[in-house]
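J.: I am sharing final02.cif, which consists of mmCIF, N, CA and C atoms:
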data_run
#
loop_
_atom_site.label_atom_id
_atom_site.label_comp_id
_atom_site.auth_asym_id
_atom_site.auth_seq_id
_atom_site.Cartn_x
_atom_site.Cartn_y
_atom_site.Cartn_z
N MET V 8 132.72 126.56 150.29
CA MET V 8 131.40 126.01 150.28
C MET V 8 130.72 126.25 148.93
N ALA V 9 130.96 127.39 148.31
CA ALA V 9 130.33 127.73 147.04
C ALA V 9 130.69 126.75 145.92
N PRO V 10 131.98 126.28 145.79
CA PRO V 10 132.29 125.36 144.71
C PRO V 10 131.49 124.04 144.80
N ARG V 11 131.28 123.55 146.02
CA ARG V 11 130.50 122.32 146.17
C ARG V 11 129.05 122.52 145.71
N PHE V 12 128.52 123.67 146.02
CA PHE V 12 127.15 123.98 145.61
C PHE V 12 127.03 123.99 144.08
N HIS V 13 128.02 124.58 143.41
CA HIS V 13 128.02 124.65 141.95
C HIS V 13 128.14 123.25 141.34
N ILE V 14 128.97 122.42 141.95
CA ILE V 14 129.12 121.05 141.45
C ILE V 14 127.82 120.28 141.62
N LEU V 15 127.19 120.43 142.79
CA LEU V 15 125.91 119.77 143.04
C LEU V 15 124.85 120.26 142.05
N LEU V 16 124.81 121.54 141.81
CA LEU V 16 123.86 122.11 140.86
C LEU V 16 124.13 121.59 139.45
N LEU V 17 125.38 121.49 139.07
CA LEU V 17 125.75 120.95 137.76
C LEU V 17 125.31 119.50 137.61
N ILE V 18 125.55 118.69 138.63
CA ILE V 18 125.16 117.27 138.58
C ILE V 18 123.65 117.14 138.46
N LEU V 19 122.93 117.91 139.26
CA LEU V 19 121.47 117.86 139.17
C LEU V 19 120.97 118.32 137.81
N SER V 20 121.57 119.34 137.25
CA SER V 20 121.17 119.83 135.93
C SER V 20 121.39 118.78 134.86
N LEU V 21 122.54 118.12 134.89
CA LEU V 21 122.86 117.11 133.89
C LEU V 21 121.97 115.88 134.00
N SER V 22 121.46 115.61 135.18
CA SER V 22 120.63 114.42 135.35
C SER V 22 119.30 114.55 134.60
N PHE V 23 118.88 115.77 134.29
CA PHE V 23 117.63 115.96 133.57
C PHE V 23 117.80 115.97 132.06
N ILE V 24 118.98 116.14 131.55
CA ILE V 24 119.22 116.26 130.11
C ILE V 24 118.85 114.99 129.34
N PRO V 25 119.27 113.79 129.76
CA PRO V 25 118.91 112.62 128.97
C PRO V 25 117.41 112.44 128.79
N GLY V 26 116.64 112.74 129.83
CA GLY V 26 115.18 112.63 129.72
C GLY V 26 114.63 113.60 128.70
N GLN V 27 115.17 114.82 128.67
CA GLN V 27 114.70 115.80 127.71
C GLN V 27 115.05 115.37 126.29
N PHE V 28 116.28 114.89 126.07
CA PHE V 28 116.66 114.43 124.74
C PHE V 28 115.84 113.22 124.33
N TYR V 29 115.57 112.33 125.28
CA TYR V 29 114.78 111.14 124.97
C TYR V 29 113.39 111.53 124.50
N ASP V 30 112.76 112.49 125.21
CA ASP V 30 111.42 112.92 124.83
C ASP V 30 111.41 113.52 123.44
N ILE V 31 112.42 114.32 123.11
CA ILE V 31 112.51 114.93 121.79
C ILE V 31 112.70 113.85 120.74
N THR V 32 113.57 112.88 121.01
CA THR V 32 113.83 111.81 120.06
C THR V 32 112.58 110.99 119.81
N VAL V 33 111.86 110.64 120.85
CA VAL V 33 110.63 109.86 120.71
C VAL V 33 109.62 110.64 119.89
N ALA V 34 109.49 111.93 120.15
CA ALA V 34 108.53 112.75 119.41
C ALA V 34 108.90 112.81 117.93
N ARG V 35 110.18 112.94 117.61
CA ARG V 35 110.60 112.99 116.21
C ARG V 35 110.34 111.67 115.51
N LYS V 36 110.63 110.55 116.17
CA LYS V 36 110.40 109.24 115.57
C LYS V 36 108.92 109.02 115.28
N ALA V 37 108.05 109.57 116.11
CA ALA V 37 106.62 109.41 115.90
C ALA V 37 106.17 110.17 114.66
N LEU V 38 106.85 111.28 114.33
CA LEU V 38 106.46 112.08 113.18
C LEU V 38 107.06 111.58 111.88
N VAL V 39 108.30 111.16 111.89
CA VAL V 39 109.00 110.74 110.69
C VAL V 39 108.70 109.28 110.43
N GLY V 40 108.25 108.97 109.22
CA GLY V 40 108.04 107.58 108.85
C GLY V 40 106.75 106.97 109.34
N GLY V 41 105.86 107.75 109.91
CA GLY V 41 104.58 107.21 110.37
C GLY V 41 103.62 106.97 109.22
N TRP V 42 102.69 106.07 109.43
CA TRP V 42 101.67 105.77 108.41
C TRP V 42 100.56 106.81 108.49
N LYS V 43 100.13 107.29 107.32
CA LYS V 43 99.05 108.27 107.24
C LYS V 43 97.97 107.73 106.31
N PRO V 44 96.69 107.89 106.67
CA PRO V 44 95.62 107.40 105.80
C PRO V 44 95.64 108.09 104.44
N ILE V 45 95.31 107.34 103.41
CA ILE V 45 95.16 107.92 102.08
C ILE V 45 93.76 108.52 102.02
N LYS V 46 93.69 109.81 101.78
CA LYS V 46 92.41 110.51 101.81
C LYS V 46 91.51 110.14 100.65
N ASN V 47 92.10 109.90 99.47
CA ASN V 47 91.29 109.60 98.30
C ASN V 47 91.80 108.35 97.60
N PRO V 48 91.28 107.17 97.95
CA PRO V 48 91.74 105.94 97.30
C PRO V 48 91.41 105.89 95.80
N LYS V 49 90.51 106.77 95.35
CA LYS V 49 90.14 106.83 93.92
C LYS V 49 91.15 107.64 93.10
N ASP V 50 92.11 108.26 93.76
CA ASP V 50 93.15 109.02 93.06
C ASP V 50 93.79 108.13 92.01
N PRO V 51 93.97 108.62 90.79
CA PRO V 51 94.54 107.80 89.72
C PRO V 51 95.89 107.17 90.05
N VAL V 52 96.73 107.85 90.79
CA VAL V 52 98.04 107.30 91.17
C VAL V 52 97.84 106.10 92.10
N ILE V 53 96.94 106.22 93.05
CA ILE V 53 96.67 105.13 93.99
C ILE V 53 96.06 103.94 93.24
N GLN V 54 95.16 104.20 92.32
CA GLN V 54 94.57 103.13 91.51
C GLN V 54 95.65 102.44 90.67
N GLU V 55 96.55 103.21 90.11
CA GLU V 55 97.66 102.64 89.32
C GLU V 55 98.53 101.72 90.17
N ILE V 56 98.82 102.15 91.40
CA ILE V 56 99.64 101.34 92.30
C ILE V 56 98.90 100.06 92.69
N GLY V 57 97.59 100.15 92.89
CA GLY V 57 96.79 98.96 93.18
C GLY V 57 96.80 97.97 92.02
N LYS V 58 96.65 98.48 90.81
CA LYS V 58 96.71 97.62 89.61
C LYS V 58 98.09 96.97 89.48
N PHE V 59 99.12 97.75 89.75
CA PHE V 59 100.48 97.21 89.71
C PHE V 59 100.63 96.05 90.68
N ALA V 60 100.09 96.21 91.89
CA ALA V 60 100.20 95.16 92.91
C ALA V 60 99.56 93.86 92.43
N VAL V 61 98.36 93.95 91.88
CA VAL V 61 97.66 92.74 91.42
C VAL V 61 98.37 92.13 90.22
N THR V 62 98.78 92.94 89.27
CA THR V 62 99.49 92.44 88.09
C THR V 62 100.79 91.74 88.48
N THR V 63 101.55 92.35 89.38
CA THR V 63 102.82 91.77 89.82
C THR V 63 102.58 90.47 90.58
N TYR V 64 101.58 90.47 91.46
CA TYR V 64 101.25 89.25 92.20
C TYR V 64 100.87 88.12 91.24
N ASN V 65 100.03 88.43 90.26
CA ASN V 65 99.63 87.42 89.27
C ASN V 65 100.84 86.86 88.52
N LYS V 66 101.71 87.74 88.08
CA LYS V 66 102.89 87.32 87.32
C LYS V 66 103.82 86.45 88.16
N ASP V 67 104.05 86.86 89.40
CA ASP V 67 105.00 86.14 90.27
C ASP V 67 104.45 84.81 90.79
N ASN V 68 103.12 84.67 90.81
CA ASN V 68 102.50 83.49 91.42
C ASN V 68 101.61 82.69 90.47
N GLN V 69 101.67 83.00 89.19
CA GLN V 69 100.85 82.32 88.18
C GLN V 69 99.37 82.29 88.59
N LYS V 70 98.86 83.44 89.03
CA LYS V 70 97.45 83.59 89.42
C LYS V 70 96.73 84.44 88.39
N ASN V 71 95.43 84.49 88.53
CA ASN V 71 94.60 85.26 87.59
C ASN V 71 93.62 86.17 88.31
N LEU V 72 94.08 86.86 89.34
CA LEU V 72 93.19 87.81 90.02
C LEU V 72 92.86 88.94 89.04
N VAL V 73 91.64 89.44 89.16
CA VAL V 73 91.22 90.56 88.32
C VAL V 73 91.02 91.77 89.23
N TYR V 74 91.82 92.80 89.01
CA TYR V 74 91.77 94.01 89.81
C TYR V 74 90.39 94.66 89.70
N GLN V 75 89.87 95.10 90.85
CA GLN V 75 88.61 95.83 90.89
C GLN V 75 88.79 97.28 91.35
N ASP V 76 89.42 97.43 92.54
CA ASP V 76 89.46 98.76 93.14
C ASP V 76 90.39 98.78 94.35
N VAL V 77 90.89 99.97 94.69
CA VAL V 77 91.55 100.17 95.98
C VAL V 77 90.46 100.66 96.93
N VAL V 78 90.24 99.92 98.00
CA VAL V 78 89.18 100.22 98.95
C VAL V 78 89.63 101.28 99.94
N LYS V 79 90.84 101.12 100.47
CA LYS V 79 91.41 102.08 101.41
C LYS V 79 92.91 101.86 101.46
N GLY V 80 93.60 102.75 102.16
CA GLY V 80 95.05 102.56 102.25
C GLY V 80 95.71 103.57 103.16
N GLN V 81 97.00 103.34 103.33
CA GLN V 81 97.86 104.22 104.11
C GLN V 81 99.15 104.42 103.33
N SER V 82 99.82 105.52 103.61
CA SER V 82 101.13 105.74 103.00
C SER V 82 102.13 106.10 104.09
N GLN V 83 103.39 105.79 103.79
CA GLN V 83 104.49 106.05 104.72
C GLN V 83 105.66 106.59 103.92
N VAL V 84 106.11 107.79 104.27
CA VAL V 84 107.24 108.39 103.58
C VAL V 84 108.53 107.81 104.16
N VAL V 85 109.33 107.23 103.27
CA VAL V 85 110.65 106.70 103.62
C VAL V 85 111.60 107.28 102.58
N ALA V 86 112.48 106.50 102.00
CA ALA V 86 113.31 106.98 100.89
C ALA V 86 112.51 106.77 99.61
N GLY V 87 111.31 107.25 99.60
CA GLY V 87 110.28 107.01 98.61
C GLY V 87 109.00 106.93 99.41
N THR V 88 108.05 106.11 98.96
CA THR V 88 106.80 105.96 99.70
C THR V 88 106.40 104.50 99.74
N ASN V 89 106.03 104.03 100.92
CA ASN V 89 105.39 102.73 101.06
C ASN V 89 103.89 102.95 101.05
N TYR V 90 103.18 102.11 100.31
CA TYR V 90 101.73 102.15 100.28
C TYR V 90 101.21 100.83 100.81
N GLN V 91 100.33 100.89 101.80
CA GLN V 91 99.66 99.70 102.31
C GLN V 91 98.20 99.85 101.86
N LEU V 92 97.81 99.01 100.91
CA LEU V 92 96.50 99.16 100.27
C LEU V 92 95.62 97.95 100.53
N THR V 93 94.34 98.20 100.74
CA THR V 93 93.35 97.14 100.74
C THR V 93 92.72 97.17 99.35
N ILE V 94 92.88 96.06 98.64
CA ILE V 94 92.47 95.98 97.24
C ILE V 94 91.35 94.96 97.09
N ALA V 95 90.33 95.32 96.33
CA ALA V 95 89.29 94.37 95.95
C ALA V 95 89.70 93.77 94.61
N ALA V 96 89.70 92.43 94.54
CA ALA V 96 90.05 91.74 93.30
C ALA V 96 89.18 90.49 93.19
N THR V 97 88.89 90.12 91.97
CA THR V 97 88.06 88.95 91.71
C THR V 97 88.95 87.73 91.49
N ASP V 98 88.58 86.64 92.16
CA ASP V 98 89.27 85.36 92.00
C ASP V 98 88.21 84.32 91.66
N ASN V 99 88.22 83.85 90.40
CA ASN V 99 87.21 82.89 89.93
C ASN V 99 85.79 83.38 90.17
N GLY V 100 85.55 84.64 89.92
CA GLY V 100 84.21 85.21 90.04
C GLY V 100 83.86 85.75 91.41
N ALA V 101 84.62 85.42 92.43
CA ALA V 101 84.34 85.90 93.79
C ALA V 101 85.23 87.09 94.13
N VAL V 102 84.63 88.14 94.67
CA VAL V 102 85.40 89.32 95.06
C VAL V 102 85.97 89.09 96.46
N ASN V 103 87.28 89.25 96.57
CA ASN V 103 87.98 89.14 97.85
C ASN V 103 88.78 90.40 98.08
N HIS V 104 89.15 90.61 99.34
CA HIS V 104 90.02 91.73 99.68
C HIS V 104 91.42 91.22 99.98
N TYR V 105 92.39 92.01 99.54
CA TYR V 105 93.80 91.68 99.70
C TYR V 105 94.52 92.88 100.27
N GLU V 106 95.57 92.60 101.04
CA GLU V 106 96.42 93.67 101.52
C GLU V 106 97.72 93.62 100.72
N ALA V 107 98.05 94.73 100.10
CA ALA V 107 99.29 94.83 99.34
C ALA V 107 100.13 95.95 99.92
N ILE V 108 101.44 95.70 99.99
CA ILE V 108 102.38 96.76 100.35
C ILE V 108 103.30 96.96 99.16
N VAL V 109 103.33 98.19 98.69
CA VAL V 109 104.12 98.55 97.51
C VAL V 109 105.06 99.68 97.88
N PHE V 110 106.33 99.53 97.51
CA PHE V 110 107.32 100.60 97.66
C PHE V 110 107.42 101.32 96.33
N ASP V 111 107.33 102.64 96.36
CA ASP V 111 107.37 103.43 95.13
C ASP V 111 108.37 104.57 95.30
N GLN V 112 109.25 104.70 94.31
CA GLN V 112 110.24 105.77 94.28
C GLN V 112 110.23 106.35 92.86
N PRO V 113 109.32 107.30 92.60
CA PRO V 113 109.12 107.79 91.24
C PRO V 113 110.36 108.37 90.56
N TRP V 114 111.22 109.05 91.33
CA TRP V 114 112.38 109.70 90.70
C TRP V 114 113.42 108.70 90.22
N THR V 115 113.37 107.45 90.67
CA THR V 115 114.28 106.43 90.14
C THR V 115 113.52 105.38 89.31
N HIS V 116 112.22 105.64 89.11
CA HIS V 116 111.35 104.70 88.37
C HIS V 116 111.37 103.31 89.02
N THR V 117 111.37 103.29 90.35
CA THR V 117 111.38 102.03 91.11
C THR V 117 110.01 101.81 91.72
N ARG V 118 109.48 100.63 91.51
CA ARG V 118 108.22 100.23 92.16
C ARG V 118 108.31 98.74 92.42
N ASN V 119 108.16 98.34 93.69
CA ASN V 119 108.27 96.94 94.08
C ASN V 119 107.09 96.52 94.92
N LEU V 120 106.61 95.30 94.67
CA LEU V 120 105.58 94.70 95.52
C LEU V 120 106.31 94.03 96.68
N THR V 121 106.09 94.53 97.88
CA THR V 121 106.76 94.02 99.08
C THR V 121 105.99 92.86 99.70
N SER V 122 104.67 92.97 99.68
CA SER V 122 103.83 91.97 100.33
C SER V 122 102.45 91.96 99.67
N PHE V 123 101.84 90.77 99.63
CA PHE V 123 100.49 90.64 99.07
C PHE V 123 99.83 89.45 99.74
N LYS V 124 98.71 89.68 100.42
CA LYS V 124 98.02 88.55 101.08
C LYS V 124 96.52 88.79 101.10
N ARG V 125 95.81 87.69 101.13
CA ARG V 125 94.34 87.75 101.21
C ARG V 125 93.94 88.09 102.64
N LEU V 126 92.97 88.95 102.77
CA LEU V 126 92.46 89.33 104.10
C LEU V 126 91.31 88.42 104.49
#
Starting from the file, lay out its structure as structure tokens.
T.:
Amino acid sequence: MAPRFHILLLILSLSFIPGQFYDITVARKALVGGWKPIKNPKDPVIQEIGKFAVTTYNKDNQKNLVYQDVVKGQSQVVAGTNYQLTIAATDNGAVNHYEAIVFDQPWTHTRNLTSFKRL
């Protein structure tokens, strides 16, 4: 009778393991790669990335936006950093807001404009 009890106990124990691993996995995914607000959009590095976004957009699209400021943003650590910035730029005298996503990897001197759109 005892061996059956041990087998039943083993089966019941194993049935709870996937749920525990799932919870741990979900918790880790929520922490790694999540977007975090940029505390100081006036930081010179953030301003430089905002200027890069507008300059690259202008060059790639034959536009003449004039960079004004980074209004707010978020960052996401990946194999480098993704920046999602709200940028104020002037277009023919009118100030508009744009959302730019820039990938930056300083140790390889890589910086790419991933997305740029008017809000």
J.: Could you state which residues are captured by the PyMOL selection byres ((chain V and resi 102-115) around 5) in this file, as an NGL selection string?
T.: :V and (87-98 or 100-101 or 116-126)
J.: Taking into account only N, CA and C atoms, which residue in the set V:Gly80, V:Asn99, V:Tyr74, V:Ala86 is nearest to Lys46 (chain V)?
T.: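 Result for the nearest residue to Lys46 (chain V): V:Gly80.
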J.: Could you please determine the separation between atom N of Ile56 (chain V) and atom C of Val73 (chain V) in Å, to one decimal place?
T.: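 Distance between the two atoms: 13.2 Å.
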J.: Could you jot down the atom C of Val84 (chain V) to atom N of Gly40 (chain V) separation for me, Å, one decimal place?
T.: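 Atom N of Gly40 (chain V) lies at a distance of 5.2 Å from atom C of Val84 (chain V).
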J.: Ranking V:Pro44, V:Pro51, V:Lys58, V:Thr63 by minimum distance to Lys79 (chain V) and counting only C-alpha atoms, which one comes first?
T.: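 Distance minimum relative to Lys79 (chain V) lands on V:Pro44.
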J.: Report the distance between atom N of Pro48 (chain V) and CA of Gln81 (chain V) in Å, rounded to one decimal place.
T.: 9.5 Å
J.: Using only C-alpha atoms, find the one residue out of V:Asn47, V:Gln83, V:Leu72, V:Gly41 that sits nearest to Ala60 (chain V).
T.: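 Among the listed residues, the smallest separation from Ala60 (chain V) belongs to V:Leu72.
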J.: Please run DSSP on the backbone and report, as a PyMOL selection string, all residues within region 24-118 of chain V that come out as alpha helix (DSSP H).
T.: chain V and resi 24-38+51-68
J.: Going by DSSP on the backbone, which residues of region 39-103 of chain V come out as strand (DSSP E)? List them as an MDAnalysis selection string.
T.: chainID V and resid 42:44 73:85 87:98 101:103
